[in-house]
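Have a look at the structure below, then the notes.
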Amino acid sequence: MPGLAPEEVERRLTSVHCAICKGDRFGIDRRFMQPDGEWRAVCMKCRYSFPVYTDMEFYQRTQPDIPYRLKEISCTDCTHRGVKLDFRATMSVRESIYFVTCLGCKRQFPERSSMEAFE
Ligand SMILES: [Zn+2]
Ligand SMILES: [Zn+2]
């Protein structure tokens, strides 16, 4: 996804908690930034690492129901429904998190999704 910087992803990851130690500071491992948009985030506290996927254009093309789901997500701040998917992270085998931006007020927030719903 062009324009998405690792610093931006690190900043937005502070809105979620580590699956192991519940810490909220993560670093993107610059050595594992794959050309297909798969990155790796590492917990600053316990070194737990998990994948972050940044190519959402490709993801939404291969998962045609995703755009419909995004239209149903309502903002945590305003009453607007409908968000833009910026990137996603798989925090654990059970927890997939979408990092979205409200199309109404531009608020950015994480939206939890259960993996089962997607696989
Ligand atoms: Zn941790
Ligand atoms: Zn909003």
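Each chain of the structure tokens is named A, B, ... in the order shown, its residues numbered from 1; ligands are numbered from 1 in display order.
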Skipping near chain neighbours, those fewer than 2 positions away, what residues fall within 12 Å of Met33 (chain A) using only C-alpha atoms, listed as a PyMOL selection string?
chain A and resi 5-6+28-31+35-41+51-55
Go ahead and dump the residues you just picked, C-alpha atoms, as a CSV table (one decimal), in the first residue's frame.
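As written to disk, again-v1.csv reads:
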```
chain,number,residue,atom,x,y,z
A,5,ALA,CA,5.0,4.3,6.5
A,6,PRO,CA,6.2,1.9,9.2
A,28,ILE,CA,7.9,-2.8,12.9
A,29,ASP,CA,10.9,-5.1,12.1
A,30,ARG,CA,12.5,-3.3,9.1
A,31,ARG,CA,14.3,-6.5,8.0
A,35,PRO,CA,7.5,-6.7,-1.2
A,36,ASP,CA,4.0,-8.1,-1.0
A,37,GLY,CA,3.1,-5.9,1.9
A,38,GLU,CA,3.6,-8.4,4.7
A,39,TRP,CA,5.4,-6.8,7.7
A,40,ARG,CA,6.2,-8.0,11.1
A,41,ALA,CA,5.4,-6.2,14.3
A,51,PRO,CA,2.2,-10.3,11.0
A,52,VAL,CA,0.9,-7.0,9.7
A,53,TYR,CA,-0.6,-6.9,6.2
A,54,THR,CA,-0.5,-3.6,4.4
A,55,ASP,CA,-1.6,-4.4,0.9
```
Return as a Markdown table the residues of chain A lying at most 12 Å from ligand 1, together with the closest atom-to-atom pair for each and the distance in Å to one decimal, counting only C-alpha atoms and all ligand atoms, with rows in chain order and ascending residue number.
```
| residue | atom | partner | partner_atom_place_in_ligand_line | distance |
| --- | --- | --- | --- | --- |
| A:Thr14 | CA | ligand 1 | 1 (Zn) | 11.9 |
| A:Val16 | CA | ligand 1 | 1 (Zn) | 11.0 |
| A:His17 | CA | ligand 1 | 1 (Zn) | 7.8 |
| A:Cys18 | CA | ligand 1 | 1 (Zn) | 4.7 |
| A:Ala19 | CA | ligand 1 | 1 (Zn) | 6.6 |
| A:Ile20 | CA | ligand 1 | 1 (Zn) | 5.0 |
| A:Cys21 | CA | ligand 1 | 1 (Zn) | 4.1 |
| A:Lys22 | CA | ligand 1 | 1 (Zn) | 5.8 |
| A:Gly23 | CA | ligand 1 | 1 (Zn) | 5.1 |
| A:Asp24 | CA | ligand 1 | 1 (Zn) | 7.7 |
| A:Arg25 | CA | ligand 1 | 1 (Zn) | 8.2 |
| A:Phe26 | CA | ligand 1 | 1 (Zn) | 8.4 |
| A:Gly27 | CA | ligand 1 | 1 (Zn) | 11.1 |
| A:Ala41 | CA | ligand 1 | 1 (Zn) | 10.6 |
| A:Val42 | CA | ligand 1 | 1 (Zn) | 7.9 |
| A:Cys43 | CA | ligand 1 | 1 (Zn) | 4.7 |
| A:Met44 | CA | ligand 1 | 1 (Zn) | 6.7 |
| A:Lys45 | CA | ligand 1 | 1 (Zn) | 5.1 |
| A:Cys46 | CA | ligand 1 | 1 (Zn) | 4.1 |
| A:Arg47 | CA | ligand 1 | 1 (Zn) | 6.0 |
| A:Tyr48 | CA | ligand 1 | 1 (Zn) | 5.3 |
| A:Ser49 | CA | ligand 1 | 1 (Zn) | 8.2 |
| A:Phe50 | CA | ligand 1 | 1 (Zn) | 10.4 |
| A:Met91 | CA | ligand 1 | 1 (Zn) | 10.5 |
| A:Ser92 | CA | ligand 1 | 1 (Zn) | 11.7 |
```
Name each residue within 7 Å of ligand 2, counting only C-alpha atoms and all ligand atoms, as a compact mmCIF listing (two decimals) with N, CA and C atoms, in the first residue's frame.
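Below is the file part21.txt, written as the result:
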```txt
# COMPACT_ATOMS: atom_id res chain seq x y z
N CYS A 75 -18.50 4.01 13.20
CA CYS A 75 -17.46 4.77 13.86
C CYS A 75 -17.68 4.76 15.38
N THR A 76 -16.59 4.75 16.14
CA THR A 76 -16.69 4.75 17.59
C THR A 76 -16.92 6.17 18.11
N ASP A 77 -16.83 7.14 17.23
CA ASP A 77 -16.91 8.54 17.65
C ASP A 77 -18.16 9.23 17.12
N CYS A 78 -18.33 9.26 15.81
CA CYS A 78 -19.53 9.86 15.23
C CYS A 78 -20.49 8.72 14.89
N THR A 79 -21.61 9.01 14.31
CA THR A 79 -22.59 7.96 14.03
C THR A 79 -22.45 7.39 12.63
N HIS A 80 -21.43 7.85 11.92
CA HIS A 80 -21.23 7.43 10.54
C HIS A 80 -20.95 5.93 10.43
N CYS A 102 -12.59 6.25 9.69
CA CYS A 102 -13.98 6.63 9.48
C CYS A 102 -14.06 7.56 8.27
N LEU A 103 -14.99 7.28 7.37
CA LEU A 103 -15.14 8.12 6.19
C LEU A 103 -15.89 9.41 6.51
N GLY A 104 -16.49 9.46 7.71
CA GLY A 104 -17.22 10.65 8.11
C GLY A 104 -16.31 11.67 8.78
N CYS A 105 -15.72 11.30 9.93
CA CYS A 105 -14.93 12.26 10.71
C CYS A 105 -13.44 12.00 10.66
N LYS A 106 -13.01 10.97 9.89
CA LYS A 106 -11.59 10.65 9.71
C LYS A 106 -10.92 10.09 10.96
N ARG A 107 -11.73 9.70 11.95
CA ARG A 107 -11.16 9.10 13.14
C ARG A 107 -10.59 7.73 12.77
```
Can you list every residue in region 4-104 of chain A that DSSP puts in strand (DSSP E), as a PyMOL selection string?
chain A and resi 26-28+38-43+49-53+83-90+95-102
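Counting only C-alpha atoms, Arg69 (chain A) has the following residues at most 12 Å away, ignoring those fewer than 5 positions along the same chain: Gln60, Gln63, Pro64, Ser74, Arg81, Gly82, Val83, Lys84, Leu85, Tyr98, Val100, Glu111, Ser113, Ala117 and Phe118 of chain A.
For the pair CA of Ile66 (chain A) and CA of Phe32 (chain A), the separation is 26.2 Å.
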From the list A:Lys71, A:Arg12, A:Arg112, A:Arg61, the nearest residue to Ile97 (chain A) using only C-alpha atoms is A:Arg112
DSSP-assigned helix (DSSP H, G or I) among chain A, expressed as a count of residues only:
28
Computed gap from CA of Thr101 (chain A) to CA of Ile73 (chain A) is 10.3 Å
Enter the distance from CA of Glu95 (chain A) to CA of Pro110 (chain A), in Å, rounded to one decimal.
11.9 Å
